[in-house]
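File shown: protein-v7.tsv (TSV, C-alpha atoms).
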chain	number	residue	atom	x	y	z
A	12	MET	CA	-139.80	140.29	105.51
A	13	THR	CA	-139.64	136.58	104.64
A	14	SER	CA	-141.90	133.88	103.30
A	15	HIS	CA	-142.29	132.50	106.82
A	16	SER	CA	-142.99	135.68	108.78
A	17	SER	CA	-145.72	135.81	111.40
A	18	PRO	CA	-149.14	137.11	110.28
A	19	ASP	CA	-149.16	139.35	113.35
A	20	LYS	CA	-145.88	141.16	112.82
A	21	GLN	CA	-145.71	144.96	112.94
A	22	ILE	CA	-146.63	146.60	109.66
A	23	ALA	CA	-143.94	148.75	108.07
A	24	ARG	CA	-145.09	152.31	107.47
A	25	ALA	CA	-143.70	155.00	105.20
A	26	GLU	CA	-143.46	158.63	106.27
A	27	PRO	CA	-146.10	160.90	104.67
A	28	GLY	CA	-144.85	162.33	101.42
A	29	SER	CA	-141.88	159.98	101.23
A	30	LEU	CA	-143.26	157.85	98.38
A	31	PRO	CA	-143.18	158.52	94.63
A	32	LEU	CA	-146.99	158.37	94.41
A	33	SER	CA	-149.89	159.21	96.69
A	34	LEU	CA	-153.54	158.38	97.21
A	35	ALA	CA	-154.37	161.59	95.35
A	36	ASP	CA	-152.44	160.32	92.31
A	37	ILE	CA	-154.46	157.12	92.34
A	38	THR	CA	-157.84	158.81	92.73
A	39	ALA	CA	-156.82	161.08	89.82
A	40	ALA	CA	-155.97	157.98	87.80
A	41	ALA	CA	-159.41	156.55	88.59
A	42	ALA	CA	-160.98	159.66	87.09
A	43	THR	CA	-158.70	159.48	84.05
A	44	ILE	CA	-159.55	155.88	83.13
A	45	ARG	CA	-163.22	156.01	84.13
A	46	GLY	CA	-165.47	154.83	81.30
A	47	ALA	CA	-162.64	153.35	79.24
A	48	VAL	CA	-161.59	150.58	81.65
A	49	ALA	CA	-164.11	148.23	83.24
A	50	VAL	CA	-164.90	148.32	86.95
A	51	THR	CA	-164.64	144.57	87.30
A	52	GLU	CA	-166.64	142.48	89.74
A	53	CYS	CA	-165.32	141.84	93.23
A	54	ASN	CA	-167.24	138.94	94.75
A	55	GLN	CA	-166.91	136.64	97.71
A	56	SER	CA	-166.34	133.00	96.80
A	57	ARG	CA	-168.33	130.82	99.19
A	58	THR	CA	-166.66	127.60	98.06
A	59	LEU	CA	-163.07	128.90	98.16
A	60	SER	CA	-163.84	130.44	101.55
A	61	GLU	CA	-164.87	127.01	102.85
A	62	ILE	CA	-161.80	125.34	101.36
A	63	CYS	CA	-159.34	127.92	102.70
A	64	GLY	CA	-160.96	128.58	106.08
A	65	CYS	CA	-161.22	132.32	105.50
A	66	ASN	CA	-163.45	134.78	103.66
A	67	VAL	CA	-162.08	134.96	100.11
A	68	TRP	CA	-162.93	137.86	97.81
A	69	LEU	CA	-161.96	137.72	94.13
A	70	LYS	CA	-161.29	140.74	91.93
A	71	PHE	CA	-161.94	139.59	88.35
A	72	GLU	CA	-159.41	141.60	86.36
A	73	ASN	CA	-159.33	138.72	83.88
A	74	HIS	CA	-162.70	140.12	82.75
A	75	GLN	CA	-161.19	143.33	81.37
A	76	PHE	CA	-161.53	143.74	77.59
A	77	THR	CA	-157.90	142.65	77.12
A	78	SER	CA	-158.25	140.10	79.97
A	79	THR	CA	-155.67	141.91	82.12
A	80	PHE	CA	-155.42	144.66	84.75
A	81	LYS	CA	-152.57	146.18	82.72
A	82	GLU	CA	-155.08	148.35	80.86
A	83	ARG	CA	-155.38	150.57	83.92
A	84	GLY	CA	-151.78	151.71	84.16
A	85	ALA	CA	-151.30	151.75	80.39
A	86	LEU	CA	-154.21	154.10	79.79
A	87	ASN	CA	-153.26	156.39	82.68
A	88	ARG	CA	-149.73	156.71	81.22
A	89	LEU	CA	-150.90	157.23	77.63
A	90	GLN	CA	-153.31	159.98	78.67
A	91	ALA	CA	-150.38	161.91	80.15
A	92	LEU	CA	-148.54	162.15	76.80
A	93	SER	CA	-148.19	165.50	75.08
A	94	SER	CA	-149.66	165.95	71.59
A	95	GLU	CA	-146.14	165.82	70.15
A	96	GLU	CA	-145.37	162.55	71.98
A	97	ARG	CA	-148.65	161.06	70.76
A	98	ALA	CA	-147.81	161.92	67.17
A	99	ARG	CA	-144.36	160.28	67.37
A	100	GLY	CA	-145.72	157.13	68.99
A	101	VAL	CA	-144.88	154.86	71.90
A	102	ILE	CA	-142.94	151.67	72.51
A	103	ALA	CA	-143.22	149.10	75.30
A	104	MET	CA	-141.56	145.85	76.29
A	105	SER	CA	-143.81	143.15	77.62
A	106	ALA	CA	-144.29	139.41	78.09
A	107	GLY	CA	-147.85	139.90	76.90
A	108	ASN	CA	-150.35	141.65	79.15
A	109	HIS	CA	-148.83	145.14	79.26
A	110	ALA	CA	-148.44	144.80	75.49
A	111	GLN	CA	-152.16	144.29	75.02
A	112	GLY	CA	-153.11	147.11	77.36
A	113	VAL	CA	-150.82	149.58	75.57
A	114	ALA	CA	-151.77	148.37	72.08
A	115	TYR	CA	-155.52	148.50	72.70
A	116	HIS	CA	-155.66	151.95	74.28
A	117	ALA	CA	-153.03	153.40	71.93
A	118	ARG	CA	-155.22	152.47	68.99
A	119	ARG	CA	-158.27	153.98	70.73
A	120	LEU	CA	-156.36	157.24	71.19
A	121	GLY	CA	-154.81	157.23	67.71
A	122	ILE	CA	-151.25	156.71	68.97
A	123	PRO	CA	-148.85	154.50	66.94
A	124	ALA	CA	-147.55	151.67	69.14
A	125	THR	CA	-144.60	149.30	68.88
A	126	ILE	CA	-144.34	146.38	71.28
A	127	VAL	CA	-141.15	144.38	71.93
A	128	MET	CA	-141.83	140.88	73.24
A	129	PRO	CA	-139.26	138.27	74.33
A	130	ALA	CA	-139.01	134.94	72.53
A	131	GLY	CA	-141.19	132.37	74.24
A	132	THR	CA	-144.08	134.77	74.87
A	133	PRO	CA	-147.31	132.71	74.62
A	134	MET	CA	-148.67	132.94	71.08
A	135	VAL	CA	-152.11	133.95	72.36
A	136	LYS	CA	-150.56	137.12	73.80
A	137	VAL	CA	-148.56	137.86	70.64
A	138	GLU	CA	-151.57	137.47	68.36
A	139	ASN	CA	-153.86	139.48	70.63
A	140	THR	CA	-151.34	142.33	70.64
A	141	ARG	CA	-151.13	142.33	66.84
A	142	ARG	CA	-154.91	142.25	66.61
A	143	HIS	CA	-155.04	145.49	68.62
A	144	GLY	CA	-153.03	147.18	65.86
A	145	ALA	CA	-149.52	147.35	67.32
A	146	GLU	CA	-146.30	146.53	65.51
A	147	VAL	CA	-144.80	143.53	67.32
A	148	ILE	CA	-141.05	142.90	67.44
A	149	ILE	CA	-139.77	139.65	68.96
A	150	SER	CA	-136.37	140.31	70.56
A	151	GLY	CA	-134.39	138.79	73.44
A	152	GLN	CA	-134.88	135.72	75.56
A	153	THR	CA	-136.05	137.61	78.66
A	154	LEU	CA	-138.11	140.70	79.47
A	155	GLU	CA	-134.88	142.49	80.43
A	156	GLU	CA	-133.31	141.77	77.03
A	157	ALA	CA	-136.49	142.91	75.30
A	158	GLY	CA	-136.34	146.07	77.41
A	159	ALA	CA	-132.77	146.83	76.33
A	160	PHE	CA	-133.83	146.57	72.68
A	161	ALA	CA	-136.90	148.74	73.31
A	162	ARG	CA	-134.81	151.51	74.86
A	163	GLU	CA	-132.42	151.58	71.91
A	164	HIS	CA	-135.30	151.49	69.44
A	165	ALA	CA	-137.03	154.34	71.31
A	166	LYS	CA	-133.92	156.54	71.06
A	167	ALA	CA	-133.44	155.80	67.38
A	168	ARG	CA	-137.09	156.48	66.45
A	169	GLY	CA	-137.97	159.20	68.95
A	170	LEU	CA	-140.61	157.04	70.63
A	171	THR	CA	-141.82	157.36	74.23
A	172	LEU	CA	-141.13	154.27	76.33
A	173	ILE	CA	-144.15	153.06	78.30
A	174	HIS	CA	-142.55	150.99	81.05
A	175	PRO	CA	-144.61	147.98	82.24
A	176	TYR	CA	-144.20	148.70	85.95
A	177	ASP	CA	-141.47	151.17	87.02
A	178	ASP	CA	-143.46	154.36	86.41
A	179	PRO	CA	-145.58	156.25	88.99
A	180	LEU	CA	-148.37	156.78	86.43
A	181	ILE	CA	-148.48	153.05	85.69
A	182	MET	CA	-148.48	152.27	89.41
A	183	ALA	CA	-151.24	154.81	90.05
A	184	GLY	CA	-153.46	153.31	87.36
A	185	ASN	CA	-152.97	149.84	88.81
A	186	GLY	CA	-153.73	151.11	92.31
A	187	THR	CA	-157.31	151.87	91.26
A	188	ILE	CA	-158.00	148.15	91.74
A	189	ALA	CA	-157.60	148.57	95.51
A	190	LEU	CA	-159.95	151.57	95.51
A	191	GLU	CA	-162.63	149.41	93.90
A	192	MET	CA	-162.02	146.42	96.15
A	193	LEU	CA	-162.22	148.39	99.39
A	194	GLU	CA	-165.37	150.15	98.22
A	195	VAL	CA	-167.13	146.81	97.61
A	196	ALA	CA	-165.55	144.91	100.53
A	197	PRO	CA	-164.50	147.44	103.22
A	198	GLY	CA	-164.04	144.59	105.70
A	199	LEU	CA	-160.98	143.22	103.91
A	200	ASP	CA	-158.04	142.84	106.28
A	201	THR	CA	-155.59	141.08	103.93
A	202	LEU	CA	-154.60	141.55	100.30
A	203	VAL	CA	-152.67	138.79	98.50
A	204	VAL	CA	-151.26	140.17	95.25
A	205	PRO	CA	-148.94	138.73	92.56
A	206	ILE	CA	-145.57	140.45	92.04
A	207	GLY	CA	-143.55	140.60	88.85
A	208	GLY	CA	-141.90	143.99	88.54
A	209	GLY	CA	-144.06	145.31	91.37
A	210	GLY	CA	-146.29	147.80	89.56
A	211	LEU	CA	-149.56	146.24	90.72
A	212	ILE	CA	-148.87	145.63	94.39
A	213	SER	CA	-147.10	148.97	94.91
A	214	GLY	CA	-150.08	150.97	93.61
A	215	MET	CA	-152.53	148.87	95.62
A	216	ALA	CA	-150.38	149.18	98.75
A	217	VAL	CA	-150.47	152.98	98.65
A	218	VAL	CA	-154.29	152.85	98.61
A	219	ALA	CA	-154.46	150.21	101.34
A	220	ARG	CA	-152.05	151.99	103.69
A	221	SER	CA	-153.82	155.33	103.14
A	222	LEU	CA	-157.37	154.09	103.67
A	223	LYS	CA	-156.80	151.20	106.06
A	224	PRO	CA	-153.30	151.28	107.62
A	225	GLU	CA	-153.74	148.03	109.56
A	226	LEU	CA	-154.54	146.02	106.43
A	227	ARG	CA	-152.06	143.21	105.82
A	228	ILE	CA	-150.44	143.09	102.35
A	229	VAL	CA	-148.78	139.91	101.06
A	230	GLY	CA	-146.97	139.69	97.74
A	231	VAL	CA	-146.62	136.45	95.79
A	232	GLN	CA	-143.86	135.48	93.38
A	233	ALA	CA	-143.18	132.33	91.38
A	234	GLN	CA	-140.47	130.28	93.08
A	235	LEU	CA	-138.58	130.15	89.78
A	236	TYR	CA	-138.37	133.98	89.59
A	237	PRO	CA	-138.00	135.38	93.14
A	238	SER	CA	-136.52	138.72	92.06
A	239	MET	CA	-138.44	141.03	94.40
A	240	TYR	CA	-138.16	138.49	97.22
A	241	ASN	CA	-134.39	138.58	96.76
A	242	ALA	CA	-134.28	142.38	96.63
A	243	ILE	CA	-136.32	142.86	99.80
A	244	ASN	CA	-134.80	140.03	101.84
A	245	GLY	CA	-131.18	140.34	100.71
A	246	GLU	CA	-131.28	136.82	99.28
A	247	ALA	CA	-129.75	135.42	96.10
A	248	LEU	CA	-132.16	132.63	95.19
A	249	PRO	CA	-131.66	131.53	91.56
A	250	MET	CA	-133.96	132.60	88.74
A	251	ARG	CA	-134.36	130.15	85.91
A	252	GLY	CA	-136.59	127.96	83.81
A	253	ASP	CA	-140.04	128.14	82.26
A	254	THR	CA	-142.81	129.08	84.65
A	255	LEU	CA	-146.55	128.86	84.09
A	256	ALA	CA	-146.63	132.38	85.57
A	257	GLU	CA	-144.64	134.03	82.76
A	258	GLY	CA	-146.49	137.29	83.46
A	259	ILE	CA	-144.52	137.67	86.72
A	260	ALA	CA	-141.26	136.09	85.50
A	261	VAL	CA	-139.21	139.26	85.98
A	262	LYS	CA	-135.50	139.04	86.74
A	263	ALA	CA	-135.00	142.72	87.58
A	264	PRO	CA	-137.71	144.37	89.71
A	265	GLY	CA	-138.35	148.08	89.35
A	266	ARG	CA	-136.31	150.65	91.25
A	267	ILE	CA	-139.37	152.74	92.15
A	268	THR	CA	-141.58	149.75	92.92
A	269	THR	CA	-138.92	148.20	95.14
A	270	GLU	CA	-138.80	151.40	97.19
A	271	VAL	CA	-142.57	151.32	97.75
A	272	ILE	CA	-142.68	147.60	98.47
A	273	ARG	CA	-139.82	147.82	100.97
A	274	LYS	CA	-141.78	150.42	102.95
A	275	LEU	CA	-145.35	149.17	102.66
A	276	ILE	CA	-145.55	145.41	102.13
A	277	ASP	CA	-145.70	142.98	105.06
A	278	ASP	CA	-144.47	139.83	103.38
A	279	ILE	CA	-143.50	138.16	100.12
A	280	VAL	CA	-144.12	134.44	99.66
A	281	LEU	CA	-143.04	132.07	96.91
A	282	VAL	CA	-145.26	129.54	95.15
A	283	THR	CA	-144.16	126.41	93.27
A	284	GLU	CA	-145.27	125.42	89.78
A	285	ASP	CA	-147.49	122.68	91.24
A	286	GLN	CA	-149.21	125.23	93.47
A	287	ILE	CA	-149.78	127.61	90.55
A	288	GLU	CA	-151.19	124.80	88.41
A	289	ARG	CA	-153.50	123.73	91.21
A	290	ALA	CA	-154.79	127.29	91.55
A	291	VAL	CA	-155.48	127.62	87.81
A	292	ALA	CA	-157.37	124.31	87.82
A	293	THR	CA	-159.27	125.21	91.00
A	294	LEU	CA	-160.49	128.53	89.57
A	295	ILE	CA	-161.75	126.78	86.44
A	296	ALA	CA	-163.46	124.03	88.41
A	297	ILE	CA	-165.00	126.18	91.15
A	298	GLU	CA	-165.39	129.71	89.78
A	299	LYS	CA	-165.73	128.69	86.11
A	300	THR	CA	-163.22	131.40	85.24
A	301	VAL	CA	-160.02	131.15	83.17
A	302	VAL	CA	-156.97	132.70	84.83
A	303	GLU	CA	-153.36	132.59	83.67
A	304	GLY	CA	-150.57	131.39	85.94
A	305	ALA	CA	-149.59	134.85	87.21
A	306	GLY	CA	-153.21	135.71	87.95
A	307	ALA	CA	-153.69	132.50	89.95
A	308	ALA	CA	-150.53	132.94	92.05
A	309	GLY	CA	-152.40	134.58	94.93
A	310	LEU	CA	-154.80	131.68	95.26
A	311	GLY	CA	-151.83	129.32	94.97
A	312	ALA	CA	-150.31	130.94	98.06
A	313	LEU	CA	-153.62	130.71	99.93
A	314	LEU	CA	-154.13	127.03	99.13
A	315	ALA	CA	-150.51	126.23	100.04
A	316	ALA	CA	-150.68	127.78	103.54
A	317	PRO	CA	-154.32	128.20	104.62
A	318	ASP	CA	-153.45	128.41	108.33
A	319	ARG	CA	-151.75	131.77	107.74
A	320	TYR	CA	-155.05	133.28	106.60
A	321	ARG	CA	-157.54	131.37	108.73
A	322	GLY	CA	-160.48	133.52	109.80
A	323	ARG	CA	-159.27	136.56	107.87
A	324	ASN	CA	-161.02	138.53	105.11
A	325	VAL	CA	-158.72	138.03	102.12
A	326	GLY	CA	-158.81	139.86	98.80
A	327	LEU	CA	-157.22	138.18	95.76
A	328	VAL	CA	-156.58	139.82	92.39
A	329	LEU	CA	-157.14	137.55	89.40
A	330	SER	CA	-154.82	139.77	87.41
A	331	GLY	CA	-155.10	138.20	83.95
A	332	GLY	CA	-156.69	135.49	81.86
A	333	ASN	CA	-154.45	135.27	78.81
A	334	ILE	CA	-153.46	131.62	78.77
A	335	ASP	CA	-153.08	129.32	75.76
A	336	THR	CA	-155.92	126.78	75.44
A	337	ARG	CA	-153.46	123.92	74.93
A	338	LEU	CA	-151.76	124.89	78.18
A	339	ILE	CA	-155.11	124.90	79.98
A	340	ALA	CA	-155.72	121.34	78.79
A	341	SER	CA	-152.28	120.28	80.05
A	342	VAL	CA	-152.82	121.92	83.45
A	343	LEU	CA	-156.22	120.30	83.92
A	344	THR	CA	-154.94	116.87	82.90
A	345	ARG	CA	-151.95	117.12	85.24
A	346	GLU	CA	-154.23	118.12	88.10
A	347	LEU	CA	-156.44	115.09	87.45
A	348	ALA	CA	-153.31	112.94	87.68
A	349	ARG	CA	-152.28	114.54	91.01
A	350	GLU	CA	-155.74	113.87	92.42
A	351	GLY	CA	-155.54	110.20	91.43
A	352	ARG	CA	-158.36	110.64	88.92
A	353	LEU	CA	-156.23	110.01	85.83
A	354	THR	CA	-153.49	107.39	86.02
A	355	GLN	CA	-151.15	105.56	83.69
A	356	LEU	CA	-150.65	101.87	84.51
A	357	ALA	CA	-147.99	99.51	83.14
A	358	ILE	CA	-148.95	95.82	83.40
A	359	ASP	CA	-146.89	92.77	82.41
A	360	ILE	CA	-149.22	90.17	80.88
A	361	PRO	CA	-148.75	86.84	79.02
A	362	ASP	CA	-149.10	87.32	75.26
A	363	ARG	CA	-152.07	85.05	74.77
A	364	PRO	CA	-155.80	85.49	74.09
A	365	GLY	CA	-158.04	86.63	76.93
A	366	ARG	CA	-155.51	88.40	79.15
A	367	LEU	CA	-156.43	91.91	77.99
A	368	ALA	CA	-160.10	91.02	78.49
A	369	ALA	CA	-159.31	89.82	82.02
A	370	VAL	CA	-157.67	93.15	82.88
A	371	ALA	CA	-160.55	95.09	81.36
A	372	SER	CA	-163.05	93.02	83.34
A	373	LEU	CA	-161.24	93.70	86.63
A	374	LEU	CA	-161.16	97.43	85.90
A	375	ALA	CA	-164.86	97.43	85.07
A	376	GLU	CA	-165.68	95.62	88.33
A	377	ALA	CA	-163.74	98.31	90.22
A	378	GLY	CA	-165.65	101.06	88.39
A	379	ALA	CA	-162.60	102.43	86.54
A	380	ASN	CA	-162.86	103.82	83.02
A	381	ILE	CA	-160.23	102.99	80.38
A	382	ILE	CA	-159.12	106.11	78.45
A	383	GLU	CA	-156.20	104.77	76.40
A	384	VAL	CA	-154.75	101.31	75.65
A	385	SER	CA	-151.33	100.43	74.22
A	386	HIS	CA	-149.61	97.06	73.67
A	387	GLN	CA	-145.81	97.00	73.54
A	388	ARG	CA	-144.29	93.71	72.36
A	389	THR	CA	-141.06	94.86	70.68
A	390	PHE	CA	-139.51	97.65	72.71
A	391	SER	CA	-139.47	96.14	76.18
A	392	ASP	CA	-137.21	93.88	78.24
A	393	LEU	CA	-139.99	91.33	78.84
A	394	PRO	CA	-139.70	87.72	77.61
A	395	ALA	CA	-140.83	87.00	74.03
A	396	LYS	CA	-144.04	85.37	75.31
A	397	ALA	CA	-145.01	88.44	77.35
A	398	THR	CA	-146.23	91.89	76.44
A	399	LEU	CA	-146.31	95.26	78.16
A	400	LEU	CA	-149.84	96.60	78.51
A	401	GLU	CA	-150.01	100.37	79.10
A	402	LEU	CA	-153.33	101.84	80.18
A	403	VAL	CA	-154.57	105.30	81.06
A	404	ILE	CA	-157.54	104.95	83.41
A	405	GLU	CA	-159.98	107.34	85.04
A	406	THR	CA	-161.08	106.92	88.66
A	407	ARG	CA	-163.17	108.99	91.06
A	408	ASP	CA	-160.32	109.61	93.47
A	409	ARG	CA	-157.18	108.07	94.93
A	410	ALA	CA	-159.18	105.67	97.11
A	411	GLN	CA	-160.76	104.10	94.04
A	412	LEU	CA	-157.33	103.94	92.37
A	413	ASP	CA	-156.04	102.03	95.41
A	414	GLU	CA	-158.94	99.59	95.03
A	415	VAL	CA	-158.01	99.04	91.36
A	416	MET	CA	-154.41	98.29	92.31
A	417	VAL	CA	-155.50	95.81	94.98
A	418	ARG	CA	-157.81	93.94	92.56
A	419	LEU	CA	-155.15	93.70	89.85
A	420	GLY	CA	-152.52	92.54	92.34
A	421	ALA	CA	-154.84	89.92	93.83
A	422	ALA	CA	-155.43	88.54	90.32
A	423	GLY	CA	-151.69	88.03	89.88
A	424	PHE	CA	-150.89	90.96	87.61
A	425	ASN	CA	-147.62	92.85	88.02
A	426	VAL	CA	-148.77	96.50	87.95
A	427	ARG	CA	-146.70	99.68	88.07
A	428	LEU	CA	-147.90	103.28	88.27
Show me this structure written as structure tokens.
Amino acid sequence: MTSHSSPDKQIARAEPGSLPLSLADITAAAATIRGAVAVTECNQSRTLSEICGCNVWLKFENHQFTSTFKERGALNRLQALSSEERARGVIAMSAGNHAQGVAYHARRLGIPATIVMPAGTPMVKVENTRRHGAEVIISGQTLEEAGAFAREHAKARGLTLIHPYDDPLIMAGNGTIALEMLEVAPGLDTLVVPIGGGGLISGMAVVARSLKPELRIVGVQAQLYPSMYNAINGEALPMRGDTLAEGIAVKAPGRITTEVIRKLIDDIVLVTEDQIERAVATLIAIEKTVVEGAGAAGLGALLAAPDRYRGRNVGLVLSGGNIDTRLIASVLTRELAREGRLTQLAIDIPDRPGRLAAVASLLAEAGANIIEVSHQRTFSDLPAKATLLELVIETRDRAQLDEVMVRLGAAGFNVRL
């Protein structure tokens, strides 16, 4: 199982009864959460289908009340608590989405909830969790460090730990997504699902293998955090840095989820930060829907290697939409720059009247729009009679940018991108 395996390879199959959860567990979970968790839309995207060369179906879990699929597993697990456990309360560790799912449904059920979140968790997720009534504790630099604190806190206070992924009840709740997808789109032959700890894809895989054994299942991880990829493939790729997909930035995959994934999943692929950013921007531009980095990872994999899915019927899970608005602005701006639509130019010009006007006139003739202008006379290595002109310009595409560069060069200006 590698990121470059053939789409036609033999599907791994588990022996009946050899897994920690079954289709019956997932159908029971569907009954448990019915009415309290939304049955989100699952629609075909005509435009993405044209772009990717396959039939793309999107499951809009970012439209849940807490903007995340995590509600499903959280509620299924909370409903299984005894009355004594409910009275004592629960604790969970989370980078944000599991926190909101637990906090929201715990308050609905009258269960005290404490959430431990690692430092660096996006503020939008921290504030949303507090708004749902949970006590929030910031501890540790990683989800694993937050988990260690949560376990100690649970022992000291007599709280029940609600694990974000390595729990059959959590996995079963998450698996209800696949039940809904296959009911709406029974022709699906491929599922592309993000992987953090593995709680989402393992539950969905049990449904897929039970109802449609030939269905191809591909997991997606951020290249910066290939923990499940390493576990399944016997690799030791490094895990480090800040990823836009913090929701799947898990250094230690679940023991139970790894067992299911090893037996049921066809492939795990890795996506770069650029590919995740492109997917987030594409979903906003085309589907007019806001999806966080982890939720866009599946589309990132599809856009990065469309030939692997050509002609297939592909289901993607938009697993969450909790992304900071400032980060959205940064992602969209960076994507404009990649497309050649937003560019910073540095131009050496003589420091005398009329030269700025000459540059502006050339840009106007080429149809470019000036967004920002800056003169730098002091902090540059240019001669005293020269100045550094820095411009941010907007163009339709890279072809128009090339035309701008040609015009400026022909007029004798020294221009650098």
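Nearest residue to Pro264 of chain A among A:Thr187, A:Ser238, A:Asn139, A:Gln286 is A:Ser238, counting all atoms listed in the file.
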Please provide the set of residues having any atom within 10 Å of Gly151 of chain A, restricted to all atoms listed in the file, with same-chain residues fewer than 4 positions apart removed, written as an MDAnalysis selection string. chainID A and resid 127:131 155:160
So which residues touch Pro364 of chain A within 12 Å, counting only C-alpha atoms, skipping near sequence neighbours fewer than 5 positions away, as a VMD selection string? chain A and resid 369 to 370 396 to 398
Restricted to C-alpha atoms, what would the selected residues look like written as a tab-separated table (two decimals), in the frame of the given file?
chain	number	residue	atom	x	y	z
A	369	ALA	CA	-159.31	89.82	82.02
A	370	VAL	CA	-157.67	93.15	82.88
A	396	LYS	CA	-144.04	85.37	75.31
A	397	ALA	CA	-145.01	88.44	77.35
A	398	THR	CA	-146.23	91.89	76.44
Extract, using all atoms listed in the file, all DNA, RNA and protein residues at most 6 Å from segment 193-209 of chain A, discarding same-chain residues fewer than 6 positions from it, and format them as a list of chain:residue names.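 The residues satisfying every condition are A:Tyr176, A:Leu226, A:Arg227, A:Ile228, A:Val229, A:Gly230, A:Val231, A:Gln232, A:Ile259, A:Val261, A:Pro264, A:Gly265, A:Thr268, A:Gly309, A:Asn324, A:Val325, A:Gly326, A:Leu327.
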Between atom CA of Leu69 of chain A and atom CA of Pro224 of chain A, measure the distance and give it in Å to one decimal. 21.0 Å
Considering only C-alpha atoms, state which residue in the set A:Ala39, A:Leu374, A:Leu399, A:Ala165 is at the smallest distance from Met416 of chain A.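 The answer is A:Leu374, which sits nearest to Met416 of chain A.
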May I have the residues at most 12 Å from (-168.0, 134.5, 107.1) in the file's coordinates, counting only C-alpha atoms, as a PyMOL selection string? chain A and resi 55-61+63-68+198-199+321-325
Given the selection you just returned, output its residues as a file containing C-alpha atoms, formatted as an mmCIF file, in the frame of the given file.
data_model
loop_
_atom_site.group_PDB
_atom_site.id
_atom_site.type_symbol
_atom_site.label_atom_id
_atom_site.label_comp_id
_atom_site.auth_asym_id
_atom_site.auth_seq_id
_atom_site.Cartn_x
_atom_site.Cartn_y
_atom_site.Cartn_z
ATOM 1 C CA GLN A 55 -166.910 136.640 97.710
ATOM 2 C CA SER A 56 -166.340 133.000 96.800
ATOM 3 C CA ARG A 57 -168.330 130.820 99.190
ATOM 4 C CA THR A 58 -166.660 127.600 98.060
ATOM 5 C CA LEU A 59 -163.070 128.900 98.160
ATOM 6 C CA SER A 60 -163.840 130.440 101.550
ATOM 7 C CA GLU A 61 -164.870 127.010 102.850
ATOM 8 C CA CYS A 63 -159.340 127.920 102.700
ATOM 9 C CA GLY A 64 -160.960 128.580 106.080
ATOM 10 C CA CYS A 65 -161.220 132.320 105.500
ATOM 11 C CA ASN A 66 -163.450 134.780 103.660
ATOM 12 C CA VAL A 67 -162.080 134.960 100.110
ATOM 13 C CA TRP A 68 -162.930 137.860 97.810
ATOM 14 C CA GLY A 198 -164.040 144.590 105.700
ATOM 15 C CA LEU A 199 -160.980 143.220 103.910
ATOM 16 C CA ARG A 321 -157.540 131.370 108.730
ATOM 17 C CA GLY A 322 -160.480 133.520 109.800
ATOM 18 C CA ARG A 323 -159.270 136.560 107.870
ATOM 19 C CA ASN A 324 -161.020 138.530 105.110
ATOM 20 C CA VAL A 325 -158.720 138.030 102.120
#
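As for atom CA of Ser105 of chain A and atom CA of Arg162 of chain A, they are spaced 12.6 Å apart.
Omitting Ala117 of chain A and its sequence neighbours fewer than 6 positions away, and counting all atoms listed in the file, the residues within 9 Å are Ala85, Leu86, Leu89, Arg97, Gly100, Val101, Pro123, Ala124, His143, Gly144 and Ala145 of chain A.
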So the first atom is atom CA of Leu343 of chain A and the second is atom CA of Val291 of chain A; what is the distance between them in Å, to one decimal place?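 Separating atom CA of Leu343 of chain A from atom CA of Val291 of chain A is a distance of 8.3 Å.
Closest approach to Glu270 of chain A among A:Leu32, A:Val135, A:Ile62, A:Val301 is made by A:Leu32 (distances from all atoms listed in the file).
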If we count all atoms listed in the file, what is near Ser213 of chain A at a cut-off of 9 Å, once residues fewer than 3 positions away on the same chain are taken out, given as a tab-separated table (two decimals) with C-alpha atoms, keeping the file's coordinate frame?
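After the write, part27.tsv holds the following:
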chain	number	residue	atom	x	y	z
A	182	MET	CA	-148.48	152.27	89.41
A	183	ALA	CA	-151.24	154.81	90.05
A	185	ASN	CA	-152.97	149.84	88.81
A	186	GLY	CA	-153.73	151.11	92.31
A	209	GLY	CA	-144.06	145.31	91.37
A	210	GLY	CA	-146.29	147.80	89.56
A	216	ALA	CA	-150.38	149.18	98.75
A	217	VAL	CA	-150.47	152.98	98.65
A	218	VAL	CA	-154.29	152.85	98.61
A	268	THR	CA	-141.58	149.75	92.92
A	269	THR	CA	-138.92	148.20	95.14
A	270	GLU	CA	-138.80	151.40	97.19
A	271	VAL	CA	-142.57	151.32	97.75
A	272	ILE	CA	-142.68	147.60	98.47
A	275	LEU	CA	-145.35	149.17	102.66
A	276	ILE	CA	-145.55	145.41	102.13
Quick one: 6 Å padding each side, axis-aligned, all listed atoms of segment 213-218 of chain A - centre and edge lengths in Å to one decimal, as AutoDock Vina command-line options?
--center_x -150.7 --center_y 150.9 --center_z 96.2 --size_x 19.2 --size_y 16.1 --size_z 17.1
Have a look at A:Arg337, A:Arg418, A:Arg88, A:Lys81 and name the one nearest to Asp36 of chain A; count only C-alpha atoms. A:Arg88
Which one of A:Ala379, A:Ile102, A:Ile44, A:Ala247 sits closest to Lys166 of chain A if you count only C-alpha atoms?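 Once distances to Lys166 of chain A are computed over only C-alpha atoms, the minimum belongs to A:Ile102.
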